[in-house]
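Chemist: Below is the file input28.tsv, with TSV, C-alpha atoms.
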```tsv
chain	number	residue	atom	x	y	z
A	1465	MET	CA	122.86	139.16	-6.58
A	1466	TYR	CA	124.80	137.25	-3.93
A	1467	GLN	CA	127.38	134.50	-4.17
A	1468	GLN	CA	129.65	132.43	-1.94
A	1469	TYR	CA	133.37	133.12	-1.87
A	1470	PRO	CA	135.88	130.49	-0.65
A	1471	ILE	CA	137.85	132.10	2.18
A	1472	ALA	CA	141.21	130.48	1.38
A	1473	GLU	CA	141.18	131.45	-2.29
A	1474	THR	CA	139.63	134.89	-1.80
A	1475	PHE	CA	141.83	136.12	1.04
A	1476	GLY	CA	144.98	134.04	0.63
A	1477	ILE	CA	144.97	132.43	4.07
A	1478	PRO	CA	144.96	128.75	5.09
A	1479	ALA	CA	141.37	127.57	5.48
A	1480	PRO	CA	139.32	124.47	4.59
A	1481	ALA	CA	137.87	124.55	1.09
A	1482	SER	CA	134.40	124.25	2.59
A	1483	MET	CA	134.71	127.57	4.45
A	1484	LYS	CA	132.96	130.28	2.46
A	1485	VAL	CA	131.56	133.74	3.03
A	1486	GLU	CA	128.68	135.42	1.24
A	1487	GLY	CA	129.23	138.56	-0.78
A	1488	PHE	CA	127.80	140.28	-3.82
A	1489	THR	CA	128.14	139.06	-7.37
A	1490	PRO	CA	130.69	141.11	-9.33
A	1491	SER	CA	129.19	144.21	-10.92
A	1492	LYS	CA	130.14	147.72	-11.93
A	1493	ASN	CA	129.15	149.19	-8.57
A	1494	PRO	CA	131.32	152.34	-8.29
A	1495	PHE	CA	131.26	152.16	-4.49
A	1496	VAL	CA	133.12	148.85	-4.34
A	1497	PRO	CA	136.72	149.66	-3.30
A	1498	VAL	CA	139.53	148.95	-5.73
A	1499	GLU	CA	141.18	145.62	-4.98
A	1500	LYS	CA	144.86	146.05	-4.11
A	1501	PRO	CA	147.60	143.64	-3.04
A	1502	TYR	CA	146.99	143.02	0.64
A	1503	LEU	CA	148.30	140.65	3.29
A	1504	PHE	CA	145.38	139.55	5.46
A	1505	ARG	CA	146.05	138.62	9.07
A	1506	ARG	CA	144.04	135.67	10.28
A	1507	GLU	CA	142.48	137.00	13.49
A	1508	PRO	CA	141.40	140.46	12.27
A	1509	LEU	CA	140.04	138.88	9.09
A	1510	ARG	CA	138.10	136.33	11.12
A	1511	ASP	CA	136.42	139.08	13.16
A	1512	VAL	CA	135.51	141.16	10.11
A	1513	LEU	CA	134.09	138.18	8.20
A	1514	ALA	CA	132.05	137.14	11.22
A	1515	PHE	CA	130.58	140.64	11.39
A	1516	PHE	CA	129.90	140.85	7.65
A	1517	GLY	CA	128.25	137.46	7.80
A	1518	ASN	CA	125.94	138.24	10.73
A	1519	PRO	CA	126.12	141.51	12.69
A	1520	ASN	CA	123.41	140.40	15.13
A	1521	GLY	CA	122.25	143.99	15.59
A	1522	ASP	CA	125.76	145.34	16.25
A	1523	GLY	CA	128.04	147.83	14.61
A	1524	LEU	CA	131.77	147.07	14.40
A	1525	TYR	CA	134.22	149.43	16.11
A	1526	ILE	CA	137.88	148.91	15.15
A	1527	THR	CA	140.43	150.56	17.39
A	1528	GLY	CA	144.20	150.66	17.11
A	1529	PRO	CA	147.22	152.92	16.63
A	1530	THR	CA	147.59	155.21	13.66
A	1531	GLY	CA	148.54	153.50	10.42
A	1532	SER	CA	147.89	149.96	11.66
A	1533	GLY	CA	145.56	149.19	8.75
A	1534	LYS	CA	142.09	149.63	10.25
A	1535	THR	CA	140.54	151.25	7.19
A	1536	SER	CA	142.40	149.24	4.57
A	1537	LEU	CA	141.29	146.00	6.24
A	1538	ILE	CA	137.62	146.86	5.74
A	1539	GLU	CA	138.14	148.22	2.24
A	1540	GLN	CA	140.08	145.20	1.02
A	1541	VAL	CA	137.62	142.72	2.50
A	1542	ALA	CA	134.80	144.65	0.82
A	1543	ALA	CA	136.74	144.79	-2.46
A	1544	ARG	CA	137.03	141.01	-2.60
A	1545	LEU	CA	133.38	140.51	-1.68
A	1546	HIS	CA	132.23	143.22	-4.14
A	1547	TRP	CA	130.52	145.01	-1.26
A	1548	GLY	CA	129.92	148.74	-1.68
A	1549	VAL	CA	131.45	151.10	0.88
A	1550	GLN	CA	130.35	154.62	1.81
A	1551	ALA	CA	133.41	156.09	3.56
A	1552	VAL	CA	133.12	159.17	5.76
A	1553	ALA	CA	135.86	161.03	7.63
A	1554	GLY	CA	134.86	161.85	11.21
A	1555	HIS	CA	135.56	165.38	12.42
A	1556	GLY	CA	134.30	167.91	14.93
A	1557	ARG	CA	131.88	169.56	12.47
A	1558	LEU	CA	130.30	166.39	11.13
A	1559	GLU	CA	126.54	166.44	11.67
A	1560	PHE	CA	124.00	163.64	11.51
A	1561	ASN	CA	122.18	165.45	8.69
A	1562	ASP	CA	125.39	165.28	6.63
A	1563	LEU	CA	125.03	161.52	6.76
A	1564	LEU	CA	121.33	161.58	5.84
A	1565	GLY	CA	121.55	163.74	2.71
A	1566	GLN	CA	120.32	167.07	1.42
A	1567	PHE	CA	118.20	168.89	-1.10
A	1568	ILE	CA	120.02	170.37	-4.08
A	1569	LEU	CA	118.88	172.84	-6.69
A	1570	THR	CA	118.46	171.32	-10.15
A	1571	GLY	CA	118.93	173.04	-13.49
A	1572	ASN	CA	115.22	173.70	-13.93
A	1573	GLY	CA	114.94	175.46	-10.57
A	1574	THR	CA	113.39	172.62	-8.59
A	1575	MET	CA	114.78	170.96	-5.47
A	1576	LYS	CA	115.92	167.34	-5.53
A	1577	TRP	CA	116.79	165.13	-2.58
A	1578	ILE	CA	120.21	163.45	-2.71
A	1579	ASP	CA	120.93	160.56	-0.35
A	1580	GLY	CA	123.86	160.99	2.00
A	1581	PRO	CA	126.29	158.16	2.77
A	1582	LEU	CA	124.16	156.71	5.59
A	1583	THR	CA	120.94	156.71	3.59
A	1584	SER	CA	122.65	155.24	0.55
A	1585	ALA	CA	124.28	152.48	2.61
A	1586	VAL	CA	120.99	151.65	4.36
A	1587	ARG	CA	119.03	151.68	1.11
A	1588	HIS	CA	121.43	149.66	-1.05
A	1589	GLY	CA	123.09	147.30	1.42
A	1590	GLN	CA	126.50	148.94	1.65
A	1591	VAL	CA	129.03	149.43	4.43
A	1592	LEU	CA	128.93	152.83	6.12
A	1593	LEU	CA	132.55	153.28	7.18
A	1594	ILE	CA	133.12	156.21	9.53
A	1595	ASN	CA	136.85	156.77	9.93
A	1596	GLU	CA	138.24	158.53	13.02
A	1597	ILE	CA	134.76	158.41	14.52
A	1598	ASP	CA	136.13	159.41	17.92
A	1599	ALA	CA	136.81	162.90	16.53
A	1600	THR	CA	133.06	163.42	16.02
A	1601	ASP	CA	130.71	165.22	18.41
A	1602	PRO	CA	129.09	162.42	20.47
A	1603	ALA	CA	125.68	164.13	20.31
A	1604	GLU	CA	125.65	163.90	16.50
A	1605	LEU	CA	126.25	160.15	16.57
A	1606	LEU	CA	123.26	159.34	18.75
A	1607	GLY	CA	121.09	159.43	15.64
A	1608	LEU	CA	122.78	156.20	14.56
A	1609	ASN	CA	121.60	154.24	17.62
A	1610	ASP	CA	118.35	152.89	16.17
A	1611	ILE	CA	119.63	152.16	12.68
A	1612	VAL	CA	122.46	150.00	14.03
A	1613	GLU	CA	119.83	147.79	15.64
A	1614	GLY	CA	118.00	147.36	12.35
A	1615	LYS	CA	115.21	149.90	12.83
A	1616	PRO	CA	113.98	151.94	9.82
A	1617	LEU	CA	115.67	155.20	8.94
A	1618	LEU	CA	113.33	158.21	8.96
A	1619	ILE	CA	114.23	161.07	6.66
A	1620	ALA	CA	112.29	163.93	8.19
A	1621	ALA	CA	112.99	166.28	5.25
A	1622	THR	CA	111.09	164.01	2.85
A	1623	ASP	CA	108.92	161.99	5.27
A	1624	GLU	CA	110.43	158.84	3.76
A	1625	VAL	CA	111.00	155.76	5.87
A	1626	VAL	CA	113.86	153.63	4.55
A	1627	LYS	CA	113.86	150.00	5.63
A	1628	PRO	CA	117.44	148.76	6.13
A	1629	HIS	CA	118.77	146.46	3.45
A	1630	PRO	CA	119.82	143.11	4.96
A	1631	LYS	CA	123.42	143.73	3.84
A	1632	PHE	CA	123.75	147.15	5.49
A	1633	ARG	CA	126.72	147.27	7.88
A	1634	LEU	CA	128.05	150.07	10.08
A	1635	VAL	CA	131.80	150.08	10.77
A	1636	ALA	CA	133.71	152.72	12.71
A	1637	THR	CA	137.45	153.16	13.18
A	1638	GLY	CA	139.25	155.19	15.81
A	1639	ASN	CA	142.51	155.55	17.70
A	1640	SER	CA	140.65	155.14	20.98
A	1641	ALA	CA	137.91	152.72	22.00
A	1642	GLY	CA	135.43	155.54	22.58
A	1643	ALA	CA	136.75	156.41	26.03
A	1644	GLY	CA	138.76	159.43	24.92
A	1645	ASP	CA	142.52	159.78	24.55
A	1646	GLN	CA	144.36	159.41	27.84
A	1647	SER	CA	147.80	159.53	26.23
A	1648	GLY	CA	147.54	163.00	24.69
A	1649	LEU	CA	148.84	161.67	21.36
A	1650	TYR	CA	145.65	162.14	19.35
A	1651	GLN	CA	144.29	165.68	19.25
A	1652	GLY	CA	140.53	166.15	18.89
A	1653	VAL	CA	139.49	162.73	20.22
A	1654	ASN	CA	136.20	162.87	22.11
A	1655	ARG	CA	134.79	160.56	24.73
A	1656	GLN	CA	131.77	158.88	23.15
A	1657	SER	CA	128.38	158.19	24.70
A	1658	LEU	CA	128.17	154.87	26.54
A	1659	ALA	CA	124.74	154.29	24.95
A	1660	PHE	CA	126.29	154.65	21.50
A	1661	MET	CA	129.33	152.50	22.21
A	1662	ASP	CA	127.13	149.76	23.69
A	1663	ARG	CA	125.80	149.13	20.18
A	1664	PHE	CA	129.20	148.05	18.86
A	1665	ARG	CA	131.29	144.94	19.07
A	1666	LEU	CA	134.95	145.89	19.44
A	1667	MET	CA	138.09	144.62	17.79
A	1668	GLU	CA	141.65	145.87	18.05
A	1669	VAL	CA	144.10	146.01	15.17
A	1670	GLY	CA	147.73	146.40	16.14
A	1671	TYR	CA	150.79	146.64	13.97
A	1672	PRO	CA	151.60	143.48	11.98
A	1673	GLU	CA	154.10	140.92	13.20
A	1674	PRO	CA	157.65	141.34	11.81
A	1675	ALA	CA	157.19	138.37	9.49
A	1676	ASP	CA	154.08	139.95	7.99
A	1677	GLU	CA	155.78	143.32	7.53
A	1678	MET	CA	158.71	141.53	5.92
A	1679	THR	CA	156.31	140.06	3.36
A	1680	MET	CA	154.79	143.49	2.75
A	1681	LEU	CA	158.24	145.03	2.21
A	1682	GLU	CA	159.21	142.22	-0.13
A	1683	GLN	CA	156.10	142.86	-2.20
A	1684	ALA	CA	156.64	146.64	-2.19
A	1685	VAL	CA	160.39	146.67	-2.92
A	1686	PRO	CA	161.49	143.18	-4.02
A	1687	THR	CA	165.03	144.33	-4.92
A	1688	MET	CA	165.84	145.53	-1.39
A	1689	PRO	CA	168.26	143.20	0.47
A	1690	VAL	CA	166.73	141.08	3.22
A	1691	SER	CA	169.21	142.39	5.79
A	1692	ILE	CA	168.11	145.99	5.14
A	1693	ARG	CA	164.42	145.09	5.36
A	1694	GLU	CA	165.00	143.29	8.65
A	1695	ARG	CA	166.69	146.32	10.19
A	1696	MET	CA	164.04	148.68	8.87
A	1697	ILE	CA	161.41	146.63	10.67
A	1698	GLN	CA	163.57	146.51	13.80
A	1699	LEU	CA	163.86	150.30	13.80
A	1700	ALA	CA	160.13	150.71	13.16
A	1701	ASN	CA	159.36	148.62	16.22
A	1702	GLU	CA	161.86	150.54	18.35
A	1703	ILE	CA	160.17	153.79	17.36
A	1704	ARG	CA	156.75	152.34	18.16
A	1705	LYS	CA	157.84	151.25	21.62
A	1706	VAL	CA	159.06	154.73	22.47
A	1707	PHE	CA	155.94	156.32	20.96
A	1708	ILE	CA	153.59	154.13	23.00
A	1709	GLY	CA	155.63	154.85	26.11
A	1710	GLY	CA	156.40	152.96	29.24
A	1711	GLY	CA	159.17	153.37	31.75
A	1712	ASP	CA	161.80	156.00	31.01
A	1713	SER	CA	160.79	156.31	27.35
A	1714	SER	CA	157.25	157.54	28.03
A	1715	GLY	CA	156.37	160.66	26.08
A	1716	LEU	CA	159.74	160.92	24.29
A	1717	LEU	CA	158.21	160.73	20.79
A	1718	SER	CA	154.98	162.24	19.48
A	1719	ILE	CA	155.40	160.58	16.06
A	1720	THR	CA	155.53	156.92	15.19
A	1721	MET	CA	156.40	154.58	12.33
A	1722	SER	CA	153.17	153.04	11.08
A	1723	THR	CA	153.14	150.18	8.60
A	1724	ARG	CA	152.08	152.75	6.03
A	1725	GLY	CA	155.11	154.86	6.96
A	1726	LEU	CA	157.41	151.84	6.85
A	1727	LEU	CA	156.31	151.04	3.30
A	1728	ARG	CA	156.72	154.70	2.34
A	1729	TRP	CA	160.26	154.65	3.73
A	1730	ALA	CA	161.11	151.53	1.75
A	1731	ARG	CA	159.73	152.89	-1.51
A	1732	LEU	CA	161.51	156.22	-1.07
A	1733	SER	CA	164.76	154.40	-0.29
A	1734	ALA	CA	164.41	152.55	-3.59
A	1735	ASN	CA	163.75	155.84	-5.39
A	1736	TYR	CA	166.95	157.34	-3.93
A	1737	LYS	CA	168.99	154.19	-4.51
A	1738	GLY	CA	172.60	155.01	-5.27
A	1739	ALA	CA	172.76	158.09	-3.07
A	1740	PRO	CA	175.32	157.82	-0.25
A	1741	ASN	CA	172.69	158.41	2.46
A	1742	ALA	CA	169.56	156.99	0.79
A	1743	LEU	CA	168.14	155.29	3.90
A	1744	ALA	CA	168.52	158.35	6.13
A	1745	TYR	CA	167.34	160.75	3.45
A	1746	ALA	CA	164.24	158.64	2.79
A	1747	LEU	CA	163.54	158.17	6.50
A	1748	ASP	CA	163.54	161.93	7.01
A	1749	ARG	CA	160.96	162.38	4.27
A	1750	ALA	CA	158.86	159.41	5.31
A	1751	LEU	CA	158.68	160.34	9.01
A	1752	VAL	CA	161.42	162.23	10.83
A	1753	LEU	CA	160.81	165.75	9.50
A	1754	ARG	CA	157.43	165.74	11.25
A	1755	GLY	CA	159.12	165.79	14.64
A	1756	ASP	CA	160.91	168.54	16.52
A	1757	MET	CA	164.70	168.67	16.74
A	1758	ALA	CA	164.90	166.48	19.84
A	1759	GLU	CA	162.70	163.82	18.22
A	1760	ARG	CA	164.70	163.90	15.01
A	1761	GLU	CA	167.94	163.40	16.92
A	1762	ALA	CA	166.41	160.57	18.99
A	1763	ILE	CA	165.23	158.67	15.91
A	1764	HIS	CA	168.56	159.09	14.15
A	1765	ARG	CA	170.37	157.77	17.24
A	1766	MET	CA	168.10	154.71	17.21
A	1767	ALA	CA	168.76	154.28	13.48
A	1768	GLN	CA	172.51	154.47	14.07
A	1769	ASP	CA	172.24	151.78	16.75
A	1770	VAL	CA	170.21	149.49	14.46
A	1771	PHE	CA	172.11	150.00	11.19
A	1772	GLY	CA	175.60	150.62	12.52
A	1773	SER	CA	178.16	151.43	9.84
A	1774	ASP	CA	175.49	151.22	7.10
A	1775	TRP	CA	173.82	154.36	8.45
A	1776	GLN	CA	174.90	157.66	6.93
A	1777	VAL	CA	173.24	160.99	7.65
```
Written as structure tokens, that's how I'd like the structure from this file.

Modeler:
Amino acid sequence: MYQQYPIAETFGIPAPASMKVEGFTPSKNPFVPVEKPYLFRREPLRDVLAFFGNPNGDGLYITGPTGSGKTSLIEQVAARLHWGVQAVAGHGRLEFNDLLGQFILTGNGTMKWIDGPLTSAVRHGQVLLINEIDATDPAELLGLNDIVEGKPLLIAATDEVVKPHPKFRLVATGNSAGAGDQSGLYQGVNRQSLAFMDRFRLMEVGYPEPADEMTMLEQAVPTMPVSIRERMIQLANEIRKVFIGGGDSSGLLSITMSTRGLLRWARLSANYKGAPNALAYALDRALVLRGDMAEREAIHRMAQDVFGSDWQV
């Protein structure tokens, strides 16, 4: 049921051959994420593997800016360890009972209980991944307090007590660290209960280093010239600096270039290759058209500064 995976070979990072992590044996579990090409960063990977290996009664809360790879990190680690994932999107109407499950009407007129994502993860040793958890009503999340610490899960509707599987893990992602959004950039973010947050270890995932994003771009669009990729990354980081704010630039942009957006821009540029304004046309569709007129003009000015004569609008 379980097996050891060598870290260096499994995740493509430098590590001694003796360093291994336990996962599940390969199976046809439909809840195991699809393995995709992925560039693992050493420190975030280290924190996730430490948590998967021994949570010590904690959940894992991953915070960071939009599009920095919080969700994909968990999914791609799980994919390589053949670990099932129950993914849930946090929102203002999410209730604890949605996580537990519900009765449904069968064809013969009887009622049947169907496990929700929490119950399934607890029962079968899967990861419950709650994305954008800081958009959820804090009162609804308090029901998770005991289960994070390893206590049994009581399903009041059926009077069943589910003992947590030893491989059950609870992971949450959010743009804040549970303290609410002080920047005003993320609508719907709620301040979470201190009692709830105290049950998590925290890790922060920022945008990748330029060298890592260069590797990602090379994998995504190998025919793109290195000089173009370098300037795309430079522009992405300029946009991020203005988005995050600081000094005179604070609050100028309400949109940002995530790594996901950067890759989208590169792929669209390749699709429009040959057009006289392919880079600008693709950038508009990857990001810029989400902003107002002032933001669009600001980003195009930054692009002109970075690309110079190669930039055509």

Chemist: Calculated over only C-alpha atoms, which of the candidates A:Leu1564, A:Ile1619, A:Val1591, A:Ala1514 has the smallest distance to Trp1547 of chain A?

Modeler: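 Between A:Leu1564, A:Ile1619, A:Val1591, A:Ala1514, the residue approaching Trp1547 of chain A most closely is A:Val1591.
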
Chemist: Excluding Arg1704 of chain A and its own-chain neighbours fewer than 4 positions away, which residues fall within 7 Å of it when counting only C-alpha atoms? Please give them as a PyMOL selection string.

Modeler: chain A and resi 1700+1708+1720-1721

Chemist: Counting only C-alpha atoms, figure out which residue out of A:Ala1636, A:Met1465, A:Met1680, A:Ala1542 gets nearest to Asp1598 of chain A.

Modeler: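 Ranked by minimum distance to Asp1598 of chain A, first place goes to A:Ala1636.
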
Chemist: Counting only C-alpha atoms, what is within 10 Å of Leu1666 of chain A, bar same-chain residues fewer than 5 positions away, as an mmCIF file with C-alpha atoms, keeping the file's coordinate frame?

Modeler:
```cif
data_model
loop_
_atom_site.group_PDB
_atom_site.id
_atom_site.type_symbol
_atom_site.label_atom_id
_atom_site.label_comp_id
_atom_site.auth_asym_id
_atom_site.auth_seq_id
_atom_site.Cartn_x
_atom_site.Cartn_y
_atom_site.Cartn_z
ATOM 1 C CA ASP A 1511 136.420 139.080 13.160
ATOM 2 C CA ASP A 1522 125.760 145.340 16.250
ATOM 3 C CA GLY A 1523 128.040 147.830 14.610
ATOM 4 C CA LEU A 1524 131.770 147.070 14.400
ATOM 5 C CA TYR A 1525 134.220 149.430 16.110
ATOM 6 C CA ILE A 1526 137.880 148.910 15.150
ATOM 7 C CA THR A 1527 140.430 150.560 17.390
ATOM 8 C CA ALA A 1636 133.710 152.720 12.710
ATOM 9 C CA THR A 1637 137.450 153.160 13.180
ATOM 10 C CA ALA A 1641 137.910 152.720 22.000
ATOM 11 C CA MET A 1661 129.330 152.500 22.210
#
```

Chemist: Under the rule that all atoms listed in the file are counted, which of A:Asp1662, A:Asp1769, A:Glu1596, A:Asp1623 is the nearest residue to Asn1609 of chain A?

Modeler: A:Asp1662

Chemist: Which is closest to Asp1774 of chain A among A:Thr1474, A:Asn1518, A:Ser1691, A:Gln1698, if we use all atoms listed in the file?

Modeler: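 Result for the nearest residue to Asp1774 of chain A: A:Ser1691.
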
Chemist: Between A:Pro1686, A:Thr1583, A:Glu1539, A:Gln1590, which has the minimum distance to Phe1560 of chain A (counting all atoms listed in the file)?

Modeler: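 Smallest separation from Phe1560 of chain A among the options: A:Thr1583.
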
Chemist: In terms of the shortest atom-to-atom distance over only C-alpha atoms, which of A:Leu1658, A:Leu1593, A:Leu1608, A:Leu1618 is closest to Leu1634 of chain A?

Modeler: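 Smallest distance to Leu1634 of chain A is found for A:Leu1593.
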
Chemist: As a PyMOL selection string, please: the residues near segment 1551-1558 of chain A (cut-off 10 Å, only C-alpha atoms, same-chain neighbours under 3 positions excluded).

Modeler: chain A and resi 1495+1497+1535+1539+1548+1561-1563+1581-1582+1585+1591-1602+1604-1605+1635-1638+1652-1654

Chemist: Could you save the residues just selected, with C-alpha atoms, as a short mmCIF file (atom, residue, chain, number, x, y, z; two decimals), keeping the file's coordinate frame?

Modeler:
```cif
data_model
loop_
_atom_site.label_atom_id
_atom_site.label_comp_id
_atom_site.auth_asym_id
_atom_site.auth_seq_id
_atom_site.Cartn_x
_atom_site.Cartn_y
_atom_site.Cartn_z
CA PHE A 1495 131.26 152.16 -4.49
CA PRO A 1497 136.72 149.66 -3.30
CA THR A 1535 140.54 151.25 7.19
CA GLU A 1539 138.14 148.22 2.24
CA GLY A 1548 129.92 148.74 -1.68
CA ASN A 1561 122.18 165.45 8.69
CA ASP A 1562 125.39 165.28 6.63
CA LEU A 1563 125.03 161.52 6.76
CA PRO A 1581 126.29 158.16 2.77
CA LEU A 1582 124.16 156.71 5.59
CA ALA A 1585 124.28 152.48 2.61
CA VAL A 1591 129.03 149.43 4.43
CA LEU A 1592 128.93 152.83 6.12
CA LEU A 1593 132.55 153.28 7.18
CA ILE A 1594 133.12 156.21 9.53
CA ASN A 1595 136.85 156.77 9.93
CA GLU A 1596 138.24 158.53 13.02
CA ILE A 1597 134.76 158.41 14.52
CA ASP A 1598 136.13 159.41 17.92
CA ALA A 1599 136.81 162.90 16.53
CA THR A 1600 133.06 163.42 16.02
CA ASP A 1601 130.71 165.22 18.41
CA PRO A 1602 129.09 162.42 20.47
CA GLU A 1604 125.65 163.90 16.50
CA LEU A 1605 126.25 160.15 16.57
CA VAL A 1635 131.80 150.08 10.77
CA ALA A 1636 133.71 152.72 12.71
CA THR A 1637 137.45 153.16 13.18
CA GLY A 1638 139.25 155.19 15.81
CA GLY A 1652 140.53 166.15 18.89
CA VAL A 1653 139.49 162.73 20.22
CA ASN A 1654 136.20 162.87 22.11
#
```

Chemist: Which residues come within 12 Å of Thr1679 of chain A, counting all atoms listed in the file, excluding same-chain residues fewer than 6 positions away, as a PDB file with C-alpha atoms, in the frame of the given file?

Modeler:
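This is the output file out-v9.pdb:
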```pdb
ATOM      1  CA  PRO A1501     147.600 143.640  -3.040  1.00  0.00           C
ATOM      2  CA  TYR A1502     146.990 143.020   0.640  1.00  0.00           C
ATOM      3  CA  LEU A1503     148.300 140.650   3.290  1.00  0.00           C
ATOM      4  CA  PHE A1504     145.380 139.550   5.460  1.00  0.00           C
ATOM      5  CA  ARG A1505     146.050 138.620   9.070  1.00  0.00           C
ATOM      6  CA  PRO A1672     151.600 143.480  11.980  1.00  0.00           C
ATOM      7  CA  GLU A1673     154.100 140.920  13.200  1.00  0.00           C
ATOM      8  CA  VAL A1685     160.390 146.670  -2.920  1.00  0.00           C
ATOM      9  CA  PRO A1686     161.490 143.180  -4.020  1.00  0.00           C
ATOM     10  CA  MET A1688     165.840 145.530  -1.390  1.00  0.00           C
ATOM     11  CA  VAL A1690     166.730 141.080   3.220  1.00  0.00           C
ATOM     12  CA  ARG A1693     164.420 145.090   5.360  1.00  0.00           C
ATOM     13  CA  GLU A1694     165.000 143.290   8.650  1.00  0.00           C
ATOM     14  CA  ILE A1697     161.410 146.630  10.670  1.00  0.00           C
ATOM     15  CA  THR A1723     153.140 150.180   8.600  1.00  0.00           C
ATOM     16  CA  LEU A1727     156.310 151.040   3.300  1.00  0.00           C
TER      17      LEU A1727
END
```

Chemist: Just the number, please: distance in Å from atom CA of Glu1624 of chain A to atom CA of Asn1520 of chain A, one decimal.

Modeler: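 Going from atom CA of Glu1624 of chain A over to atom CA of Asn1520 of chain A covers 25.3 Å.
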
Chemist: Report, in Å to a single decimal, how far apart atom CA of Arg1728 of chain A and atom CA of Asp1676 of chain A are.

Modeler: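 Separation between atom CA of Asp1676 of chain A and atom CA of Arg1728 of chain A: 16.0 Å.
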
Chemist: Would you pick out the contacts of segment 1750-1764 of chain A at 7 Å or less, using all atoms listed in the file, so that residues sharing its chain but fewer than 3 positions from it are not included, and give the list as a list in words?

Modeler: Leu1717, Ile1719, Gly1725, Arg1728, Trp1729, Ala1746, Leu1747, Ala1767 and Gln1768 of chain A

Chemist: Would you compute the distance between atom CA of Val1586 of chain A and atom CA of Phe1632 of chain A? Give it in Å to one decimal.

Modeler: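 Value for the atom CA of Val1586 of chain A-atom CA of Phe1632 of chain A distance: 5.4 Å.
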